[in-house]
$ cat start-v6.txt   # compact mmCIF, C-alpha atoms
# COMPACT_ATOMS: atom_id res chain seq x y z
CA MET A 1 -22.95 3.58 45.95
CA SER A 2 -26.12 2.34 44.27
CA LEU A 3 -27.80 -0.77 45.62
CA ASN A 4 -26.89 -2.62 42.42
CA SER A 5 -23.24 -1.73 43.02
CA VAL A 6 -23.55 -3.11 46.56
CA ILE A 7 -25.06 -6.32 45.21
CA ASP A 8 -22.25 -6.68 42.64
CA ALA A 9 -19.50 -5.86 45.15
CA THR A 10 -20.92 -8.37 47.64
CA GLU A 11 -21.21 -11.03 44.96
CA SER A 12 -17.53 -10.57 44.03
CA ALA A 13 -16.38 -10.61 47.66
CA VAL A 14 -18.37 -13.76 48.37
CA ALA A 15 -17.11 -15.46 45.21
CA ASP A 16 -13.54 -14.76 46.38
CA ASP A 17 -14.27 -16.32 49.79
CA PRO A 18 -17.70 -17.53 50.94
CA ARG A 19 -16.76 -16.63 54.51
CA ASN A 20 -17.03 -12.96 53.51
CA ALA A 21 -20.80 -13.50 53.50
CA VAL A 22 -20.99 -14.12 57.24
CA ALA A 23 -22.12 -10.99 59.06
CA HIS A 24 -21.84 -10.83 62.84
CA PHE A 25 -24.07 -8.56 64.93
CA ALA A 26 -24.03 -7.91 68.69
CA VAL A 27 -26.18 -5.63 70.84
CA ASP A 28 -25.77 -4.64 74.51
CA HIS A 29 -28.57 -3.86 76.99
CA ARG A 30 -28.19 -2.29 80.39
CA LEU A 31 -30.29 -1.61 83.49
CA ASP A 32 -28.07 -0.48 86.36
CA ASP A 33 -28.51 0.73 89.90
CA LEU A 34 -31.63 -1.17 90.78
CA PRO A 35 -34.20 -0.63 92.17
CA ALA A 36 -34.59 1.98 89.44
CA GLU A 37 -37.18 4.71 89.37
CA LYS A 38 -37.92 3.61 85.82
CA PRO A 39 -37.82 -0.19 86.18
CA THR A 40 -38.41 -0.95 82.48
CA LEU A 41 -36.21 1.71 80.84
CA VAL A 42 -33.48 -0.19 78.98
CA HIS A 43 -30.40 1.44 77.43
CA VAL A 44 -29.34 -0.24 74.21
CA LYS A 45 -26.12 0.00 72.21
CA ALA A 46 -25.64 -1.51 68.75
CA ARG A 47 -22.18 -0.61 67.41
CA GLY A 48 -22.17 3.20 67.68
CA HIS A 49 -25.94 3.52 67.81
CA GLU A 50 -27.66 4.07 71.15
CA PHE A 51 -31.37 4.09 71.88
CA THR A 52 -33.81 3.25 74.64
CA VAL A 53 -36.68 0.82 75.13
CA ASP A 54 -39.46 1.23 77.68
CA GLU A 55 -42.97 0.02 78.45
CA PRO A 56 -46.23 1.96 78.52
CA ALA A 57 -47.74 2.70 81.94
CA ALA A 58 -50.05 -0.32 81.79
CA LEU A 59 -46.93 -2.50 81.67
CA GLY A 60 -45.05 -0.72 84.45
CA GLY A 61 -43.07 1.82 82.45
CA ALA A 62 -42.88 5.56 81.88
CA ASP A 63 -43.49 5.17 78.12
CA ALA A 64 -40.20 6.88 77.26
CA ALA A 65 -39.80 4.77 74.10
CA ALA A 66 -41.37 1.95 72.12
CA ASN A 67 -41.47 -1.41 73.88
CA PRO A 68 -39.64 -4.63 72.96
CA VAL A 69 -42.43 -6.17 70.91
CA GLU A 70 -42.90 -2.90 69.00
CA TYR A 71 -39.17 -2.95 68.19
CA ALA A 72 -39.63 -6.52 66.98
CA LEU A 73 -42.42 -5.37 64.63
CA ALA A 74 -40.22 -2.43 63.53
CA ALA A 75 -37.37 -4.83 62.77
CA LEU A 76 -39.74 -6.74 60.50
CA GLY A 77 -41.27 -3.65 58.84
CA SER A 78 -37.94 -1.93 58.19
CA CYS A 79 -36.42 -5.18 56.92
CA GLN A 80 -39.30 -5.52 54.48
CA VAL A 81 -38.75 -1.93 53.24
CA ILE A 82 -35.01 -2.44 52.71
CA THR A 83 -35.47 -5.87 51.12
CA TYR A 84 -38.00 -4.28 48.71
CA GLN A 85 -35.36 -1.69 47.81
CA PHE A 86 -32.65 -4.28 47.13
CA TRP A 87 -34.82 -6.72 45.23
CA ALA A 88 -36.50 -3.97 43.15
CA ALA A 89 -32.96 -2.89 42.13
CA LYS A 90 -31.95 -6.48 41.41
CA LEU A 91 -35.08 -7.22 39.34
CA GLY A 92 -35.10 -3.83 37.57
CA ILE A 93 -38.45 -2.72 39.02
CA THR A 94 -38.95 1.01 39.67
CA LEU A 95 -40.46 2.01 43.02
CA ASP A 96 -41.60 5.57 43.78
CA SER A 97 -42.67 4.98 47.37
CA ILE A 98 -42.84 2.25 50.00
CA ARG A 99 -44.97 2.19 53.13
CA VAL A 100 -45.24 -0.84 55.35
CA THR A 101 -47.52 -1.38 58.35
CA VAL A 102 -46.92 -4.31 60.68
CA ALA A 103 -49.52 -5.27 63.28
CA GLY A 104 -49.74 -8.09 65.78
CA ASP A 105 -51.65 -9.22 68.86
CA LEU A 106 -50.39 -10.98 71.90
CA ASP A 107 -52.22 -12.41 74.87
CA LEU A 108 -50.71 -11.24 78.17
CA HIS A 109 -51.85 -14.46 79.87
CA GLY A 110 -48.56 -15.80 78.49
CA PHE A 111 -46.09 -13.14 79.66
CA PHE A 112 -47.56 -12.92 83.17
CA GLY A 113 -47.81 -16.70 83.53
CA PHE A 114 -51.57 -16.58 84.23
CA ASP A 115 -52.05 -19.45 81.76
CA ASN A 116 -49.04 -21.53 80.73
CA GLU A 117 -50.95 -22.88 77.72
CA VAL A 118 -50.86 -19.40 76.15
CA ARG A 119 -47.67 -18.53 74.26
CA PRO A 120 -46.02 -15.30 75.51
CA GLY A 121 -45.25 -14.01 72.00
CA PHE A 122 -47.35 -12.82 69.09
CA ARG A 123 -50.15 -15.12 67.98
CA GLY A 124 -49.76 -13.81 64.45
CA VAL A 125 -48.55 -10.81 62.51
CA ARG A 126 -49.96 -8.97 59.48
CA VAL A 127 -47.73 -7.00 57.12
CA SER A 128 -49.38 -4.53 54.70
CA VAL A 129 -47.12 -3.26 51.92
CA ASP A 130 -48.14 -0.18 49.96
CA LEU A 131 -45.92 0.29 46.89
CA GLY A 132 -46.00 3.13 44.38
CA GLY A 133 -44.48 3.11 40.92
CA PRO A 134 -45.08 2.45 37.23
CA ASP A 135 -44.34 -1.31 37.23
CA ARG A 136 -47.43 -2.36 39.15
CA SER A 137 -47.89 -5.54 37.12
CA ARG A 138 -44.54 -6.79 38.45
CA PHE A 139 -45.25 -6.06 42.14
CA PRO A 140 -46.53 -9.59 42.90
CA GLU A 141 -43.29 -11.04 41.47
CA LEU A 142 -41.34 -8.59 43.64
CA GLN A 143 -43.36 -9.53 46.74
CA ILE A 144 -42.51 -13.21 46.27
CA ALA A 145 -38.78 -12.45 45.91
CA VAL A 146 -38.80 -10.17 48.96
CA ASP A 147 -40.64 -12.64 51.16
CA GLN A 148 -38.19 -15.40 50.21
CA HIS A 149 -35.15 -13.26 51.11
CA CYS A 150 -36.18 -10.94 53.98
CA PRO A 151 -34.03 -11.82 57.04
CA VAL A 152 -36.52 -10.70 59.69
CA LEU A 153 -39.52 -12.29 57.97
CA ASP A 154 -37.49 -15.52 58.12
CA LEU A 155 -36.91 -14.89 61.85
CA PHE A 156 -40.66 -14.54 62.45
CA SER A 157 -41.74 -17.43 60.21
CA ASN A 158 -39.18 -20.05 61.22
CA PRO A 159 -37.51 -21.14 64.47
CA THR A 160 -34.12 -19.54 65.17
CA PRO A 161 -31.99 -21.42 67.72
CA ALA A 162 -31.57 -19.03 70.67
CA GLN A 163 -29.42 -20.06 73.61
CA THR A 164 -29.49 -18.11 76.87
CA GLU A 165 -26.79 -18.33 79.53
CA LEU A 166 -26.16 -16.73 82.90
CA VAL A 167 -22.72 -15.13 83.15
CA PRO A 168 -20.88 -16.68 86.15
CA PRO A 169 -20.10 -14.28 89.00
CA ARG A 170 -16.79 -12.46 88.49
CA ASN A 171 -15.59 -13.11 92.06
CA ALA A 172 -16.74 -16.71 92.41
CA MET B 1 -46.64 1.81 90.33
CA SER B 2 -44.40 -1.09 91.35
CA LEU B 3 -44.14 -4.06 89.01
CA ASN B 4 -45.94 -6.22 91.58
CA SER B 5 -48.83 -3.72 91.52
CA VAL B 6 -48.89 -3.98 87.71
CA ILE B 7 -48.98 -7.77 87.94
CA ASP B 8 -51.84 -7.66 90.48
CA ALA B 9 -53.81 -5.05 88.51
CA THR B 10 -53.42 -7.05 85.30
CA GLU B 11 -54.46 -10.26 87.05
CA SER B 12 -57.64 -8.57 88.32
CA ALA B 13 -58.46 -7.04 84.93
CA VAL B 14 -57.94 -10.36 83.18
CA ALA B 15 -60.01 -12.23 85.77
CA ASP B 16 -62.86 -9.77 85.10
CA ASP B 17 -62.66 -10.41 81.35
CA PRO B 18 -59.97 -12.55 79.66
CA ARG B 19 -60.21 -10.30 76.59
CA ASN B 20 -58.48 -7.58 78.62
CA ALA B 21 -55.30 -9.63 78.21
CA VAL B 22 -55.15 -9.11 74.43
CA ALA B 23 -52.68 -6.36 73.55
CA HIS B 24 -52.60 -4.98 70.02
CA PHE B 25 -49.48 -3.36 68.55
CA ALA B 26 -48.98 -1.65 65.17
CA VAL B 27 -45.93 0.03 63.66
CA ASP B 28 -45.63 2.16 60.49
CA HIS B 29 -42.60 2.39 58.19
CA ARG B 30 -42.04 4.90 55.43
CA LEU B 31 -39.63 5.53 52.55
CA ASP B 32 -40.97 8.28 50.31
CA ASP B 33 -39.80 10.22 47.26
CA LEU B 34 -37.74 7.52 45.64
CA PRO B 35 -35.09 7.31 44.31
CA ALA B 36 -33.82 8.54 47.66
CA GLU B 37 -30.32 9.77 48.37
CA LYS B 38 -30.38 7.45 51.37
CA PRO B 39 -32.06 4.36 49.92
CA THR B 40 -32.09 2.35 53.15
CA LEU B 41 -33.08 5.06 55.66
CA VAL B 42 -36.48 4.03 57.04
CA HIS B 43 -38.68 6.27 59.21
CA VAL B 44 -40.57 4.31 61.86
CA LYS B 45 -43.52 5.28 64.04
CA ALA B 46 -44.82 3.15 66.93
CA ARG B 47 -47.67 4.99 68.70
CA GLY B 48 -46.04 8.34 69.59
CA HIS B 49 -42.48 7.05 69.30
CA GLU B 50 -40.47 7.79 66.17
CA PHE B 51 -37.06 6.47 65.23
CA THR B 52 -35.02 5.54 62.19
CA VAL B 53 -33.43 2.40 60.79
CA ASP B 54 -30.55 2.34 58.30
CA GLU B 55 -27.83 0.04 56.96
CA PRO B 56 -24.07 0.35 57.26
CA ALA B 57 -22.16 1.36 54.12
CA ALA B 58 -21.36 -2.25 53.21
CA LEU B 59 -25.11 -2.82 52.89
CA GLY B 60 -25.88 0.32 50.89
CA GLY B 61 -26.72 2.74 53.68
CA ALA B 62 -25.35 5.85 55.37
CA ASP B 63 -25.23 4.13 58.79
CA ALA B 64 -27.53 6.72 60.33
CA ALA B 65 -29.01 4.14 62.73
CA ALA B 66 -28.92 0.47 63.67
CA ASN B 67 -30.13 -1.92 60.99
CA PRO B 68 -33.20 -4.18 61.03
CA VAL B 69 -31.46 -7.28 62.33
CA GLU B 70 -29.79 -5.26 65.09
CA TYR B 71 -33.23 -3.97 66.10
CA ALA B 72 -34.42 -7.58 66.15
CA LEU B 73 -31.57 -8.48 68.55
CA ALA B 74 -32.38 -5.36 70.62
CA ALA B 75 -36.02 -6.44 70.82
CA LEU B 76 -34.84 -9.75 72.25
CA GLY B 77 -32.28 -8.25 74.65
CA SER B 78 -34.60 -5.57 76.01
CA CYS B 79 -37.44 -8.09 76.35
CA GLN B 80 -35.13 -10.32 78.37
CA VAL B 81 -34.20 -7.39 80.65
CA ILE B 82 -37.83 -6.41 81.27
CA THR B 83 -38.97 -10.00 81.73
CA TYR B 84 -36.18 -10.44 84.31
CA GLN B 85 -37.53 -7.38 86.14
CA PHE B 86 -41.12 -8.65 86.19
CA TRP B 87 -40.31 -12.22 87.14
CA ALA B 88 -37.79 -11.19 89.80
CA ALA B 89 -40.58 -9.09 91.34
CA LYS B 90 -43.07 -11.93 91.01
CA LEU B 91 -40.71 -14.52 92.55
CA GLY B 92 -39.39 -12.15 95.25
CA ILE B 93 -35.78 -12.19 94.00
CA THR B 94 -33.71 -9.01 94.46
CA LEU B 95 -31.69 -7.79 91.46
CA ASP B 96 -29.11 -5.00 91.72
CA SER B 97 -28.13 -4.88 88.04
CA ILE B 98 -28.97 -6.50 84.71
CA ARG B 99 -26.84 -6.53 81.58
CA VAL B 100 -27.73 -8.57 78.53
CA THR B 101 -25.69 -9.10 75.36
CA VAL B 102 -27.32 -10.65 72.32
CA ALA B 103 -25.21 -11.79 69.37
CA GLY B 104 -26.03 -13.54 66.14
CA ASP B 105 -24.58 -14.40 62.74
CA LEU B 106 -26.25 -14.47 59.41
CA ASP B 107 -24.99 -15.56 56.03
CA LEU B 108 -25.63 -12.94 53.34
CA HIS B 109 -25.85 -15.67 50.68
CA GLY B 110 -29.48 -15.85 51.81
CA PHE B 111 -30.50 -12.18 51.67
CA PHE B 112 -28.84 -11.56 48.29
CA GLY B 113 -30.19 -14.78 46.81
CA PHE B 114 -26.70 -16.06 45.93
CA ASP B 115 -27.66 -19.45 47.39
CA ASN B 116 -31.31 -20.27 47.95
CA GLU B 117 -30.38 -23.15 50.28
CA VAL B 118 -29.10 -20.59 52.83
CA ARG B 119 -31.73 -19.05 55.10
CA PRO B 120 -31.77 -15.24 54.98
CA GLY B 121 -32.16 -14.86 58.75
CA PHE B 122 -29.96 -15.61 61.74
CA ARG B 123 -28.48 -19.09 61.93
CA GLY B 124 -28.51 -18.86 65.69
CA VAL B 125 -28.48 -16.36 68.53
CA ARG B 126 -26.63 -16.29 71.86
CA VAL B 127 -27.97 -14.36 74.85
CA SER B 128 -25.61 -13.68 77.78
CA VAL B 129 -27.30 -12.48 80.95
CA ASP B 130 -25.21 -10.85 83.67
CA LEU B 131 -27.22 -10.43 86.88
CA GLY B 132 -26.11 -8.78 90.11
CA GLY B 133 -27.75 -9.16 93.51
CA PRO B 134 -27.73 -11.08 96.79
CA ASP B 135 -30.00 -13.98 95.71
CA ARG B 136 -27.50 -15.63 93.36
CA SER B 137 -28.58 -19.16 94.32
CA ARG B 138 -32.04 -18.40 92.90
CA PHE B 139 -30.83 -16.98 89.55
CA PRO B 140 -31.12 -20.33 87.70
CA GLU B 141 -34.77 -20.62 88.84
CA LEU B 142 -35.34 -17.05 87.63
CA GLN B 143 -33.70 -17.78 84.28
CA ILE B 144 -36.04 -20.72 83.67
CA ALA B 145 -39.12 -18.61 84.49
CA VAL B 146 -37.94 -15.74 82.26
CA ASP B 147 -37.17 -17.97 79.30
CA GLN B 148 -40.61 -19.58 79.55
CA HIS B 149 -42.38 -16.20 79.54
CA CYS B 150 -40.27 -13.79 77.44
CA PRO B 151 -42.40 -12.72 74.41
CA VAL B 152 -39.50 -12.01 72.05
CA LEU B 153 -37.57 -15.17 73.01
CA ASP B 154 -40.76 -17.02 72.03
CA LEU B 155 -40.76 -15.11 68.71
CA PHE B 156 -37.19 -16.23 67.99
CA SER B 157 -37.58 -19.82 69.18
CA ASN B 158 -40.92 -20.69 67.62
CA PRO B 159 -42.68 -19.92 64.32
CA THR B 160 -45.03 -16.92 64.35
CA PRO B 161 -47.57 -16.85 61.52
CA ALA B 162 -46.74 -13.76 59.45
CA GLN B 163 -48.92 -12.85 56.49
CA THR B 164 -47.80 -10.25 53.96
CA GLU B 165 -50.16 -8.50 51.56
CA LEU B 166 -49.82 -5.84 48.89
CA VAL B 167 -52.24 -2.95 49.35
CA PRO B 168 -54.35 -2.61 46.16
CA PRO B 169 -53.84 0.65 44.23
CA ARG B 170 -56.11 3.43 45.49
CA ASN B 171 -57.26 4.42 41.98
CA ALA B 172 -57.70 0.96 40.53

$ encode --input "start-v6.txt" --output "structure tokens"
Amino acid sequence: MSLNSVIDATESAVADDPRNAVAHFAVDHRLDDLPAEKPTLVHVKARGHEFTVDEPAALGGADAAANPVEYALAALGSCQVITYQFWAAKLGITLDSIRVTVAGDLDLHGFFGFDNEVRPGFRGVRVSVDLGGPDRSRFPELQIAVDQHCPVLDLFSNPTPAQTELVPPRNA
Amino acid sequence: MSLNSVIDATESAVADDPRNAVAHFAVDHRLDDLPAEKPTLVHVKARGHEFTVDEPAALGGADAAANPVEYALAALGSCQVITYQFWAAKLGITLDSIRVTVAGDLDLHGFFGFDNEVRPGFRGVRVSVDLGGPDRSRFPELQIAVDQHCPVLDLFSNPTPAQTELVPPRNA
């Protein structure tokens, strides 16, 4: 199914019932049998998709996989790529290639609690988008549409309410 | 190296020169040879680690991998797990197991531009943390420390400046 067909099908489904637009996502993370030999190797499951997360040696891991903040950057970069695909289809702009690089710095004073004035997360993030195709004069228009509608760019740019809770003990 | 050794080594390195605390991360994303048969399959490279991102069929993909917003939830869940490991070590709290589930909803009115009043990203996110171990009375103290120092929880909860730019054409 072409992306324009997906857009049209979604528009019809949402017109029938706006609740069809609500998408629910859930991801599980596991670290069992502690103390583990690999204390930062996390097993992740998102629907049927499984992958791992780890830390480099300098952060206590065996570097078996990318680390959490790299996955966060990858979420942003891949969301930009896919949003470019959808909005190029919607606006009738031809793309021949898309490459996106996302880079960010963070100051470990925050994570380790060495300085509680330093935020633990990224201080800022830079996204470089390299597009190929014949409609170059329309790329700035496309960039504006993408940046207004990219779910993970919204997550980075704006606060998302996140509530954490400890699960009560099963035998309490 | 134990996590406490990592904490001590980092503290020494940062005391020598605070600039040692700045960690730089960069991730590349590629979609070549468009129009592609799989228009949402993104190839990602973070240092030496490669993986893919895709969309389910309802969002135009072949469901070859988790999608960008699932990777964003996985970044948060895995960051919580690893931050629990570090802060349990730092506070001397024994953990036998850690499981974290992260769930969130988003309203596709935003992504598709059907309603520009609807944000494209998650409306909210819930993180359930299931800890096992003998020091249950100290888990609430641990939760507070983790949530103050978790880099990706900070990314969700607070704005992170994110700047996007189009790379100028190479032959212009």

$ atom_distance --input "start-v6.txt" --atom1 "atom CA of Leu3 of chain B" --atom2 "atom CA of His109 of chain A"
15.8 Å

$ residues_around --input "start-v6.txt" --residues "Leu76 of chain A" --least-positions-apart "3" --cutoff "6 Å" --atoms "all atoms listed in the file" --output "JSON, numbers by chain"
{"A": [73, 79, 152]}

$ atom_distance --input "start-v6.txt" --atom1 "atom CA of Phe111 of chain B" --atom2 "atom CA of His149 of chain A"
4.8 Å

$ atom_distance --input "start-v6.txt" --atom1 "atom CA of Glu141 of chain B" --atom2 "atom CA of Arg99 of chain B"
17.7 Å

$ closest_residue --input "start-v6.txt" --among "B:Ala62, B:Ala75, B:Val14, B:Ile7" --to "Ala36 of chain B" --atoms "only C-alpha atoms"
B:Ala62

$ residues_around --input "start-v6.txt" --residues "Asp96 of chain B" --least-positions-apart "6" --cutoff "10 Å" --atoms "all atoms listed in the file" --output "list in words"
Leu31, Asp32, Asp33, Leu34, Pro35 and Ala36 of chain A; Leu131, Gly132, Gly133, Pro134 and Asp135 of chain B

$ closest_residue --input "start-v6.txt" --among "A:Pro140, A:Gly92, A:Pro168, A:Pro159" --to "chain B" --atoms "all atoms listed in the file"
A:Pro159

$ closest_residue --input "start-v6.txt" --among "A:Ala72, A:Leu59, A:Ala23, A:Val53" --to "Phe156 of chain A" --atoms "only C-alpha atoms"
A:Ala72

$ closest_atom_pairs --input "start-v6.txt" --of "segment 93-141 of chain B" --to "segment 42-51 of chain A" --cutoff "10 Å" --atoms "all atoms listed in the file" --output "Markdown table"
| residue | atom | partner | partner_atom | distance |
| --- | --- | --- | --- | --- |
| B:Ile98 | CA | A:Val42 | CA | 9.6 |
| B:Arg99 | CA | A:Val42 | CA | 9.5 |
| B:Val100 | CA | A:Val44 | CA | 9.5 |
| B:Thr101 | CA | A:Lys45 | CA | 9.6 |
| B:Val102 | CA | A:Ala46 | CA | 10.0 |

$ closest_residue --input "start-v6.txt" --among "B:Val6, B:Arg123, B:Ala89, B:Val69" --to "Ala57 of chain A" --atoms "only C-alpha atoms"
B:Val6

$ closest_residue --input "start-v6.txt" --among "A:His24, A:Arg138, A:Lys38, A:Arg19" --to "chain B" --atoms "all atoms listed in the file"
A:His24

$ closest_residue --input "start-v6.txt" --among "A:Gly104, A:Ala9, A:Asp16, A:Pro56" --to "chain B" --atoms "only C-alpha atoms"
A:Gly104

$ residues_around --input "start-v6.txt" --residues "Phe122 of chain B" --least-positions-apart "3" --cutoff "9 Å" --atoms "all atoms listed in the file" --output "ChimeraX atom specification"
/A:151-152,154-155,160-161 /B:69,104-107,119,125

$ residues_around --input "start-v6.txt" --residues "Phe114 of chain A" --least-positions-apart "2" --cutoff "10 Å" --atoms "only C-alpha atoms" --output "VMD selection string"
(chain A and resid 108 to 112 116 to 118) or (chain B and resid 7 10 to 11 14 to 15 21)
